[in-house]
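Dumped query35.txt below, it's compact mmCIF, C-alpha atoms:
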# COMPACT_ATOMS: atom_id res chain seq x y z
CA MET Y 21 20.47 -9.25 3.55
CA THR Y 22 17.43 -11.19 2.34
CA PRO Y 23 14.42 -8.88 1.87
CA LEU Y 24 11.19 -9.64 3.71
CA LEU Y 25 9.20 -9.11 0.48
CA ASP Y 26 10.65 -9.76 -2.96
CA ILE Y 27 8.49 -9.06 -6.02
CA GLN Y 28 10.00 -9.53 -9.48
CA ASN Y 29 8.13 -8.93 -12.75
CA LEU Y 30 4.63 -9.17 -11.34
CA SER Y 31 1.93 -8.90 -14.02
CA VAL Y 32 -1.83 -9.04 -13.47
CA ASP Y 33 -4.61 -9.24 -16.07
CA PHE Y 34 -8.35 -9.23 -15.42
CA ALA Y 35 -10.84 -10.96 -17.71
CA THR Y 36 -13.91 -8.72 -18.18
CA ARG Y 37 -16.88 -8.60 -20.57
CA ASP Y 38 -15.22 -5.69 -22.35
CA GLY Y 39 -11.88 -7.40 -22.80
CA THR Y 40 -8.72 -8.15 -20.83
CA VAL Y 41 -7.51 -5.39 -18.52
CA HIS Y 42 -3.71 -5.34 -18.31
CA ALA Y 43 -3.62 -3.93 -14.79
CA LEU Y 44 0.05 -4.58 -13.92
CA GLU Y 45 3.07 -5.27 -16.10
CA ASN Y 46 6.48 -6.35 -14.80
CA VAL Y 47 6.18 -4.66 -11.41
CA SER Y 48 9.30 -5.24 -9.30
CA PHE Y 49 10.28 -4.05 -5.84
CA GLN Y 50 11.80 -5.32 -2.60
CA LEU Y 51 11.07 -4.45 1.00
CA ALA Y 52 13.63 -4.87 3.77
CA ARG Y 53 12.74 -5.85 7.32
CA GLY Y 54 11.73 -2.81 9.35
CA GLU Y 55 11.49 -0.60 6.25
CA THR Y 56 8.54 1.57 5.23
CA MET Y 57 7.98 1.95 1.49
CA GLY Y 58 5.45 4.18 -0.23
CA LEU Y 59 3.56 3.07 -3.34
CA VAL Y 60 2.48 6.37 -4.88
CA GLY Y 61 0.63 7.42 -8.03
CA GLU Y 62 -2.74 8.50 -9.37
CA SER Y 63 -5.91 6.55 -8.76
CA GLY Y 64 -5.90 3.64 -11.20
CA SER Y 65 -2.11 3.37 -11.35
CA GLY Y 66 -2.06 -0.16 -9.90
CA LYS Y 67 -1.10 0.48 -6.27
CA SER Y 68 -3.97 -1.42 -4.66
CA VAL Y 69 -3.86 -4.21 -7.27
CA SER Y 70 -0.20 -4.77 -6.35
CA ALA Y 71 -1.14 -5.03 -2.67
CA TYR Y 72 -4.07 -7.36 -3.31
CA ALA Y 73 -1.80 -9.57 -5.44
CA VAL Y 74 0.64 -9.88 -2.53
CA MET Y 75 -2.24 -10.72 -0.18
CA ARG Y 76 -3.72 -13.18 -2.74
CA LEU Y 77 -7.08 -11.38 -2.64
CA LEU Y 78 -7.68 -10.68 -6.34
CA GLY Y 79 -10.28 -13.35 -7.05
CA GLY Y 80 -10.93 -15.74 -9.90
CA SER Y 81 -11.02 -13.19 -12.73
CA ALA Y 82 -7.37 -12.27 -12.18
CA ARG Y 83 -4.45 -13.92 -13.95
CA VAL Y 84 -1.31 -13.39 -11.85
CA ARG Y 85 2.19 -14.05 -13.19
CA ALA Y 86 5.59 -13.25 -11.71
CA ASP Y 87 9.18 -14.43 -11.79
CA ARG Y 88 9.23 -14.22 -8.01
CA MET Y 89 6.77 -13.25 -5.27
CA ILE Y 90 8.15 -14.22 -1.88
CA SER Y 91 7.19 -12.94 1.58
CA GLY Y 92 9.08 -14.08 4.66
CA GLY Y 93 10.48 -17.06 2.78
CA VAL Y 94 7.05 -18.21 1.56
CA ASP Y 95 6.49 -18.46 -2.20
CA LEU Y 96 3.14 -16.71 -2.69
CA LEU Y 97 2.87 -18.03 -6.25
CA THR Y 98 2.91 -21.70 -5.32
CA ALA Y 99 1.47 -21.65 -1.79
CA THR Y 100 -1.96 -23.26 -1.46
CA ASP Y 101 -5.03 -21.22 -0.53
CA ALA Y 102 -4.94 -22.77 2.95
CA GLU Y 103 -1.27 -21.85 3.41
CA VAL Y 104 -1.91 -18.24 2.33
CA ALA Y 105 -4.99 -18.02 4.56
CA ALA Y 106 -2.78 -19.03 7.48
CA LEU Y 107 -0.32 -16.26 6.60
CA ARG Y 108 -2.96 -13.53 6.30
CA GLY Y 109 -3.65 -11.85 9.60
CA LYS Y 110 -0.69 -13.60 11.21
CA ARG Y 111 2.49 -12.84 9.24
CA MET Y 112 1.06 -10.30 6.81
CA THR Y 113 -1.93 -8.05 7.22
CA MET Y 114 -3.68 -5.12 5.58
CA ILE Y 115 -5.44 -1.91 6.60
CA PHE Y 116 -8.13 -1.19 4.02
CA GLN Y 117 -9.23 2.18 2.63
CA ASN Y 118 -12.64 2.36 4.26
CA ALA Y 119 -12.33 1.00 7.77
CA ARG Y 120 -16.03 1.12 8.56
CA SER Y 121 -16.95 -1.04 5.57
CA ALA Y 122 -14.02 -3.41 6.21
CA LEU Y 123 -15.22 -4.17 9.75
CA ASN Y 124 -18.01 -6.68 10.35
CA PRO Y 125 -21.10 -4.48 10.93
CA ILE Y 126 -22.95 -7.01 13.10
CA ARG Y 127 -20.15 -8.00 15.45
CA PRO Y 128 -18.75 -5.83 18.29
CA ILE Y 129 -15.33 -4.42 17.49
CA GLY Y 130 -13.67 -5.97 20.51
CA GLN Y 131 -14.91 -9.41 19.59
CA GLN Y 132 -13.48 -8.97 16.09
CA ILE Y 133 -10.03 -8.35 17.59
CA ALA Y 134 -10.49 -11.27 19.98
CA ASP Y 135 -11.35 -13.50 16.99
CA VAL Y 136 -7.98 -12.69 15.41
CA LEU Y 137 -6.15 -13.44 18.64
CA ARG Y 138 -7.93 -16.76 19.13
CA VAL Y 139 -7.28 -17.90 15.55
CA HIS Y 140 -3.70 -16.68 15.03
CA ARG Y 141 -2.31 -16.73 18.57
CA ALA Y 142 -4.39 -19.60 19.98
CA MET Y 143 -5.54 -17.57 22.98
CA PRO Y 144 -8.36 -18.87 25.17
CA ARG Y 145 -11.57 -16.81 25.12
CA ARG Y 146 -11.03 -14.87 28.35
CA ALA Y 147 -7.38 -14.05 27.60
CA ALA Y 148 -8.32 -12.96 24.07
CA LYS Y 149 -10.93 -10.55 25.47
CA GLN Y 150 -8.43 -8.95 27.85
CA ALA Y 151 -5.81 -8.73 25.09
CA ALA Y 152 -8.39 -7.13 22.75
CA ILE Y 153 -9.21 -4.50 25.38
CA ALA Y 154 -5.49 -3.84 25.78
CA ALA Y 155 -5.15 -3.51 21.98
CA LEU Y 156 -7.93 -0.90 21.93
CA ALA Y 157 -6.18 1.01 24.72
CA GLU Y 158 -2.88 0.78 22.81
CA VAL Y 159 -4.39 2.65 19.84
CA ARG Y 160 -5.76 5.23 22.28
CA ILE Y 161 -9.45 4.46 22.09
CA PRO Y 162 -10.97 5.95 25.24
CA ASP Y 163 -12.82 3.71 27.71
CA PRO Y 164 -11.71 0.51 25.91
CA GLU Y 165 -13.68 -1.81 28.23
CA ARG Y 166 -16.92 -0.17 27.14
CA ARG Y 167 -15.88 0.28 23.50
CA TYR Y 168 -15.10 -3.44 23.32
CA HIS Y 169 -18.87 -4.00 23.00
CA ALA Y 170 -19.45 -1.17 20.45
CA TYR Y 171 -20.44 -1.81 16.84
CA PRO Y 172 -18.71 -0.06 13.92
CA PHE Y 173 -21.71 2.20 13.21
CA GLU Y 174 -21.38 3.61 16.73
CA LEU Y 175 -17.85 4.88 16.10
CA SER Y 176 -16.46 7.79 14.08
CA GLY Y 177 -14.38 7.19 10.96
CA GLY Y 178 -11.18 7.93 12.88
CA MET Y 179 -12.14 5.51 15.65
CA CYS Y 180 -12.93 2.78 13.08
CA GLN Y 181 -9.51 3.33 11.55
CA ARG Y 182 -7.91 2.91 14.99
CA VAL Y 183 -9.81 -0.37 15.39
CA MET Y 184 -8.40 -1.50 12.02
CA ILE Y 185 -4.90 -0.68 13.26
CA ALA Y 186 -5.54 -2.67 16.45
CA LEU Y 187 -6.76 -5.59 14.31
CA ALA Y 188 -3.73 -5.35 12.02
CA PHE Y 189 -1.23 -5.37 14.88
CA ALA Y 190 -3.01 -7.91 17.10
CA SER Y 191 -1.21 -10.93 15.65
CA GLU Y 192 2.18 -9.14 15.50
CA PRO Y 193 2.70 -9.56 11.73
CA GLU Y 194 5.97 -9.11 9.85
CA LEU Y 195 4.37 -7.18 6.96
CA LEU Y 196 1.71 -4.46 7.06
CA ILE Y 197 0.07 -3.02 3.94
CA ALA Y 198 -1.80 0.22 4.60
CA ASP Y 199 -4.04 1.07 1.63
CA GLU Y 200 -4.90 4.79 1.73
CA PRO Y 201 -5.37 4.54 5.52
CA THR Y 202 -6.36 8.21 5.94
CA THR Y 203 -9.01 8.41 3.20
CA GLY Y 204 -11.98 10.52 4.29
CA LEU Y 205 -10.39 11.67 7.55
CA ASP Y 206 -9.75 15.27 8.57
CA VAL Y 207 -6.14 16.50 8.62
CA THR Y 208 -5.72 16.23 12.40
CA THR Y 209 -7.06 12.67 12.48
CA GLN Y 210 -4.88 11.75 9.51
CA ALA Y 211 -1.78 12.75 11.48
CA VAL Y 212 -2.91 10.73 14.53
CA ILE Y 213 -3.52 7.62 12.41
CA MET Y 214 -0.22 7.87 10.56
CA ASP Y 215 1.71 8.49 13.79
CA LEU Y 216 0.09 5.39 15.29
CA ILE Y 217 1.11 3.27 12.30
CA ARG Y 218 4.68 4.60 12.41
CA GLU Y 219 4.95 4.13 16.18
CA LYS Y 220 3.69 0.54 16.18
CA SER Y 221 5.73 -0.41 13.11
CA SER Y 222 8.88 0.97 14.70
CA GLN Y 223 8.26 -0.75 18.04
CA ARG Y 224 7.88 -4.13 16.35
CA ARG Y 225 10.39 -3.59 13.50
CA MET Y 226 7.66 -4.43 11.05
CA SER Y 227 7.92 -3.85 7.31
CA THR Y 228 5.24 -1.50 5.97
CA ILE Y 229 3.89 -0.59 2.54
CA LEU Y 230 1.99 2.70 2.54
CA ILE Y 231 -0.28 3.10 -0.50
CA THR Y 232 -1.15 6.72 -1.18
CA HIS Y 233 -1.57 9.33 -3.89
CA ASP Y 234 -0.19 11.96 -1.48
CA LEU Y 235 3.55 12.43 -2.03
CA THR Y 236 3.83 14.81 0.92
CA LEU Y 237 2.35 12.23 3.29
CA ALA Y 238 4.61 9.51 1.92
CA ALA Y 239 7.69 11.73 2.24
CA GLU Y 240 7.03 12.22 5.95
CA TYR Y 241 6.55 8.54 6.79
CA CYS Y 242 8.43 6.48 4.18
CA ASP Y 243 12.07 5.48 3.82
CA ARG Y 244 11.65 4.70 0.14
CA PHE Y 245 9.19 5.23 -2.74
CA ALA Y 246 7.99 3.29 -5.75
CA VAL Y 247 6.15 5.59 -8.17
CA MET Y 248 3.47 3.84 -10.25
CA HIS Y 249 1.73 4.88 -13.47
CA ALA Y 250 -0.78 2.73 -15.39
CA GLY Y 251 0.46 -0.56 -13.97
CA HIS Y 252 4.19 0.20 -14.25
CA VAL Y 253 6.71 1.14 -11.58
CA VAL Y 254 8.30 4.10 -13.36
CA GLU Y 255 10.75 5.14 -10.64
CA GLN Y 256 11.88 3.98 -7.24
CA GLY Y 257 14.41 5.20 -4.74
CA THR Y 258 14.88 6.68 -1.30
CA THR Y 259 12.82 9.67 -0.21
CA ALA Y 260 15.84 11.90 -0.92
CA ASP Y 261 16.29 10.33 -4.37
CA ILE Y 262 12.69 11.10 -5.33
CA PHE Y 263 12.38 14.58 -3.85
CA GLU Y 264 15.85 15.86 -4.69
CA ARG Y 265 16.77 13.92 -7.85
CA ALA Y 266 13.50 12.80 -9.44
CA ALA Y 267 14.28 11.44 -12.91
CA HIS Y 268 11.00 10.37 -14.53
CA PRO Y 269 8.78 13.03 -16.16
CA TYR Y 270 5.72 11.54 -14.46
CA THR Y 271 7.34 11.84 -11.02
CA GLY Y 272 8.04 15.50 -11.70
CA LEU Y 273 4.44 16.16 -12.74
CA LEU Y 274 3.13 14.24 -9.73
CA MET Y 275 5.22 16.43 -7.45
CA LYS Y 276 3.92 19.61 -9.09
CA ALA Y 277 0.36 18.38 -8.56
CA THR Y 278 0.96 17.74 -4.85
CA PRO Y 279 0.29 20.51 -2.30
CA HIS Y 280 3.23 21.40 -0.08
CA GLY Y 281 3.23 23.45 3.10
CA ALA Y 282 3.98 26.77 1.39
CA SER Y 283 2.08 26.10 -1.84
CA ASN Y 284 -0.56 28.44 -3.18
CA LEU Y 285 -3.43 26.99 -5.19
CA SER Y 286 -2.01 28.72 -8.28
CA ASP Y 287 1.27 26.81 -7.84
CA LEU Y 288 -0.43 23.44 -8.42
CA ALA Y 289 -0.55 21.98 -11.91
CA ALA Y 290 -2.80 19.19 -13.15
CA ILE Y 291 -1.11 16.29 -14.91
CA PRO Y 292 -2.10 16.54 -18.59
CA GLY Y 293 -4.11 13.80 -20.26
CA SER Y 294 -5.43 10.72 -18.52
CA LEU Y 295 -4.41 7.14 -17.83
CA PRO Y 296 -4.49 4.94 -20.95
CA ASP Y 297 -7.23 2.38 -21.53
CA LEU Y 298 -5.67 -0.74 -20.06
CA ARG Y 299 -7.89 -2.98 -22.23
CA ARG Y 300 -6.11 -1.94 -25.42
CA ASP Y 301 -2.74 -2.79 -26.93
CA LEU Y 302 -0.36 -0.51 -25.10
CA PRO Y 303 3.04 0.93 -26.05
CA PRO Y 304 6.08 -0.15 -24.02
CA CYS Y 305 5.94 3.14 -22.11
CA ARG Y 306 2.36 3.74 -20.95
CA PHE Y 307 3.15 7.38 -20.18
CA VAL Y 308 4.37 8.24 -23.68
CA HIS Y 309 1.18 10.00 -24.83
CA ARG Y 310 1.17 12.27 -21.76
CA CYS Y 311 4.90 13.03 -21.85
CA ALA Y 312 6.33 16.30 -23.13
CA HIS Y 313 9.74 14.66 -23.58
CA SER Y 314 8.82 11.60 -25.64
CA ALA Y 315 11.20 10.63 -28.45
CA PRO Y 316 11.45 7.89 -31.10
CA ALA Y 317 13.50 5.82 -28.61
CA CYS Y 318 10.40 5.53 -26.40
CA ALA Y 319 8.93 2.98 -28.83
CA ALA Y 320 11.55 0.47 -27.69
CA ALA Y 321 11.13 -1.88 -24.72
CA LEU Y 322 10.98 -0.10 -21.40
CA PRO Y 323 14.41 -0.09 -19.69
CA ARG Y 324 15.34 -0.14 -16.01
CA VAL Y 325 18.05 2.48 -15.69
CA PRO Y 326 20.10 2.46 -12.46
CA LEU Y 327 20.99 6.03 -11.47
CA GLU Y 328 22.33 5.36 -7.97
CA PRO Y 329 22.60 2.14 -5.96
CA SER Y 330 19.23 2.98 -4.42
CA HIS Y 331 17.64 4.80 -7.37
CA GLU Y 332 16.16 3.29 -10.56
CA VAL Y 333 13.99 4.74 -13.34
CA SER Y 334 12.12 3.08 -16.22
CA CYS Y 335 12.60 5.71 -18.91
CA HIS Y 336 14.61 6.20 -22.11
CA MET Y 337 14.94 9.92 -21.30
CA PRO Y 338 15.74 10.11 -17.56
CA TRP Y 339 16.17 13.43 -15.80
CA LYS Y 340 13.52 15.04 -18.06
CA VAL Y 341 11.49 16.15 -15.04
CA SER Y 342 9.04 18.98 -15.72
CA ALA Y 343 10.25 22.18 -14.14
Structure rendered as structure tokens:
Amino acid sequence: MTPLLDIQNLSVDFATRDGTVHALENVSFQLARGETMGLVGESGSGKSVSAYAVMRLLGGSARVRADRMISGGVDLLTATDAEVAALRGKRMTMIFQNARSALNPIRPIGQQIADVLRVHRAMPRRAAKQAAIAALAEVRIPDPERRYHAYPFELSGGMCQRVMIALAFASEPELLIADEPTTGLDVTTQAVIMDLIREKSSQRRMSTILITHDLTLAAEYCDRFAVMHAGHVVEQGTTADIFERAAHPYTGLLMKATPHGASNLSDLAAIPGSLPDLRRDLPPCRFVHRCAHSAPACAAALPRVPLEPSHEVSCHMPWKVSA
């Protein structure tokens, strides 16, 4: 079956005053229709850059290269800016980290949803208003008729995130990218937001990418994972593959650094070292200087080792997961 999203060997560099930042190198993954995939890893690992590359939102300082970057049959590498702008908000959409700052501060939230409906679904003004009120009700915002006229600063962080979900789903897209959608929210509100995303995605059989550093959160909501470190996808597989048969040393350390339901604070372990400077010449394996299992073979080109039909690791020494 043809995947909805097909990314092969995506690399992104940024030109800066201090040199070229090699943010992504040969990132590859596919996303099936109706599937939810987690992009997980530390801050700075390249998760958001990957998403912004798919959405064509990286700006003029970025140099984007790939063998293939196709979404819904559209070649995102060769499509014009106008063609991509027509796709955004209609066939693919994104929930950003900070909902309050992503919303227009001087326009009522309901009108922002109505704008999307008028542009992407060609609704007349009155119908768009009623549909926007219905969208607010669908994400369980109380008194949606009154809240239609509210500004972002009048709403809590959780309410702003619900508005972002309503915006994202308004045009019934095929692909949703949720970039750390629960950042800054309390645990109860996090669960409400994630349940809303899962419910709406399931109802519409929409493909979803969940970007998070929280493996526990991803395990609850994702069918599959891609684990990223310093611009590389180091391991990918089903949730069972990652949690029961993790093969990359970084994945093992990431799991030990993640709180679980029964974890004590003393059970958590920080990942040693730090991400490499992406402006410098880098070894084939960008984790090698943090890895307790590195060997002379790690100086060779990074392999993609298939372990199961659904499970792949980029490591010369697979199964060396820290205990």
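Distances here use all atoms listed in the file; by that measure, the residue among Y:Leu25, Y:Leu273, Y:Cys305, Y:Val333 closest to Ala321 of chain Y is Y:Cys305.
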Which neighbours of segment 189-191 of chain Y fall inside 10 Å, counting all atoms listed in the file, when residues of the same chain fewer than 5 positions from it are skipped, and could you give them as a PyMOL selection string? chain Y and resi 108-115+133-134+136-141+151-152+154-156+159+183-184+196+217+220-221+224+226
Got time to write the residues from that selection, C-alpha atoms, as a CSV table (one decimal), in the frame of the given file?
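Result file is out.csv:
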chain,number,residue,atom,x,y,z
Y,108,ARG,CA,-3.0,-13.5,6.3
Y,109,GLY,CA,-3.6,-11.8,9.6
Y,110,LYS,CA,-0.7,-13.6,11.2
Y,111,ARG,CA,2.5,-12.8,9.2
Y,112,MET,CA,1.1,-10.3,6.8
Y,113,THR,CA,-1.9,-8.0,7.2
Y,114,MET,CA,-3.7,-5.1,5.6
Y,115,ILE,CA,-5.4,-1.9,6.6
Y,133,ILE,CA,-10.0,-8.4,17.6
Y,134,ALA,CA,-10.5,-11.3,20.0
Y,136,VAL,CA,-8.0,-12.7,15.4
Y,137,LEU,CA,-6.2,-13.4,18.6
Y,138,ARG,CA,-7.9,-16.8,19.1
Y,139,VAL,CA,-7.3,-17.9,15.6
Y,140,HIS,CA,-3.7,-16.7,15.0
Y,141,ARG,CA,-2.3,-16.7,18.6
Y,151,ALA,CA,-5.8,-8.7,25.1
Y,152,ALA,CA,-8.4,-7.1,22.8
Y,154,ALA,CA,-5.5,-3.8,25.8
Y,155,ALA,CA,-5.2,-3.5,22.0
Y,156,LEU,CA,-7.9,-0.9,21.9
Y,159,VAL,CA,-4.4,2.6,19.8
Y,183,VAL,CA,-9.8,-0.4,15.4
Y,184,MET,CA,-8.4,-1.5,12.0
Y,196,LEU,CA,1.7,-4.5,7.1
Y,217,ILE,CA,1.1,3.3,12.3
Y,220,LYS,CA,3.7,0.5,16.2
Y,221,SER,CA,5.7,-0.4,13.1
Y,224,ARG,CA,7.9,-4.1,16.4
Y,226,MET,CA,7.7,-4.4,11.0
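From atom CA of Val74 of chain Y back to atom CA of Thr98 of chain Y, the distance works out to 12.4 Å.
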For Gly64 of chain Y: contacts at 10 Å, only C-alpha atoms, fewer than 6 positions along chain excluded, given as an mmCIF file with C-alpha atoms, in the coordinates of the input:
data_model
loop_
_atom_site.group_PDB
_atom_site.id
_atom_site.type_symbol
_atom_site.label_atom_id
_atom_site.label_comp_id
_atom_site.auth_asym_id
_atom_site.auth_seq_id
_atom_site.Cartn_x
_atom_site.Cartn_y
_atom_site.Cartn_z
ATOM 1 C CA ALA Y 43 -3.620 -3.930 -14.790
ATOM 2 C CA MET Y 248 3.470 3.840 -10.250
ATOM 3 C CA HIS Y 249 1.730 4.880 -13.470
ATOM 4 C CA ALA Y 250 -0.780 2.730 -15.390
ATOM 5 C CA GLY Y 251 0.460 -0.560 -13.970
ATOM 6 C CA LEU Y 295 -4.410 7.140 -17.830
ATOM 7 C CA PRO Y 296 -4.490 4.940 -20.950
ATOM 8 C CA LEU Y 298 -5.670 -0.740 -20.060
#
Identify the residues within 12 Å of coordinate (10.2, -18.1, 5.0) (same frame as the file), considering all atoms listed in the file, and give the answer as a PyMOL selection string. chain Y and resi 22-26+89-96+99+107+111+194
Selected residues written out, C-alpha atoms, as a short mmCIF file (atom, residue, chain, number, x, y, z; two decimals), in the coordinates of the input:
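Okay, this is what ended up in out_19.cif:
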data_model
loop_
_atom_site.label_atom_id
_atom_site.label_comp_id
_atom_site.auth_asym_id
_atom_site.auth_seq_id
_atom_site.Cartn_x
_atom_site.Cartn_y
_atom_site.Cartn_z
CA THR Y 22 17.43 -11.19 2.34
CA PRO Y 23 14.42 -8.88 1.87
CA LEU Y 24 11.19 -9.64 3.71
CA LEU Y 25 9.20 -9.11 0.48
CA ASP Y 26 10.65 -9.76 -2.96
CA MET Y 89 6.77 -13.25 -5.27
CA ILE Y 90 8.15 -14.22 -1.88
CA SER Y 91 7.19 -12.94 1.58
CA GLY Y 92 9.08 -14.08 4.66
CA GLY Y 93 10.48 -17.06 2.78
CA VAL Y 94 7.05 -18.21 1.56
CA ASP Y 95 6.49 -18.46 -2.20
CA LEU Y 96 3.14 -16.71 -2.69
CA ALA Y 99 1.47 -21.65 -1.79
CA LEU Y 107 -0.32 -16.26 6.60
CA ARG Y 111 2.49 -12.84 9.24
CA GLU Y 194 5.97 -9.11 9.85
#
Between atom CA of Gln117 of chain Y and atom CA of Glu264 of chain Y, distance in Å (one decimal):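 Distance reported for this atom pair: 29.5 Å.
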Given all atoms listed in the file as the counted atoms, nearest of Y:Ala170, Y:Ile229, Y:Ala198, Y:Val325 to Gln50 of chain Y: Y:Ile229
List the neighbours of segment 200-206 of chain Y out to 8 Å using only C-alpha atoms; skip same-chain residues closer than 6 positions along the sequence, and give me the result as a ChimeraX atom specification. /Y:115-118,177-178,181,213-214,230-233
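Nearest residue to Gln28 of chain Y among Y:Trp339, Y:Phe307, Y:Tyr270, Y:Phe49 is Y:Phe49, counting all atoms listed in the file.
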Tell me, in Å to one decimal, how far atom CA of Asn29 of chain Y is from atom CA of Pro303 of chain Y. 17.3 Å
His336 of chain Y: which residues within 9 Å, counting only C-alpha atoms, same-chain residues fewer than 2 positions away excluded, as a PyMOL selection string? chain Y and resi 314-315+317-318+320+322-325+333-334+338
Please, what is the axis-aligned box for every listed atom of segment 305-314 of chain Y with 5 Å on each side, as centre and edge lengths in Å to one decimal, as lines of an AutoDock Vina configuration file?
center_x = 5.5
center_y = 9.7
center_z = -22.9
size_x = 18.6
size_y = 23.2
size_z = 15.5
Show me, as a compact mmCIF listing (two decimals) with C-alpha atoms, in the coordinates of the input, the residues that have an atom within 7 Å of Val47 of chain Y when counting all atoms listed in the file, minus same-chain residues fewer than 3 positions from it.
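Writing the result to selection-v7.txt gives the following:
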# COMPACT_ATOMS: atom_id res chain seq x y z
CA GLN Y 28 10.00 -9.53 -9.48
CA ASN Y 29 8.13 -8.93 -12.75
CA LEU Y 30 4.63 -9.17 -11.34
CA SER Y 31 1.93 -8.90 -14.02
CA LEU Y 44 0.05 -4.58 -13.92
CA HIS Y 252 4.19 0.20 -14.25
CA VAL Y 253 6.71 1.14 -11.58
Protein, DNA and RNA residues within 6 Å of (-17.5, -1.8, 21.3), all atoms listed in the file, as a PyMOL selection string: chain Y and resi 128-130+167-171
For each of Y:Leu274, Y:Leu302, Y:Leu77, Y:Val69, take the minimum atom-to-atom distance to Glu255 of chain Y, counting all atoms listed in the file, then give the residue where this is smallest.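 Going through Y:Leu274, Y:Leu302, Y:Leu77, Y:Val69 one by one, the smallest distance to Glu255 of chain Y is for Y:Leu274.
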Pick from Y:Arg160, Y:Val104, Y:Gln131, Y:Thr278, whichever lies nearest to Arg146 of chain Y using only C-alpha atoms: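 Of Y:Arg160, Y:Val104, Y:Gln131, Y:Thr278, the one nearest Arg146 of chain Y, counting only C-alpha atoms, is Y:Gln131.
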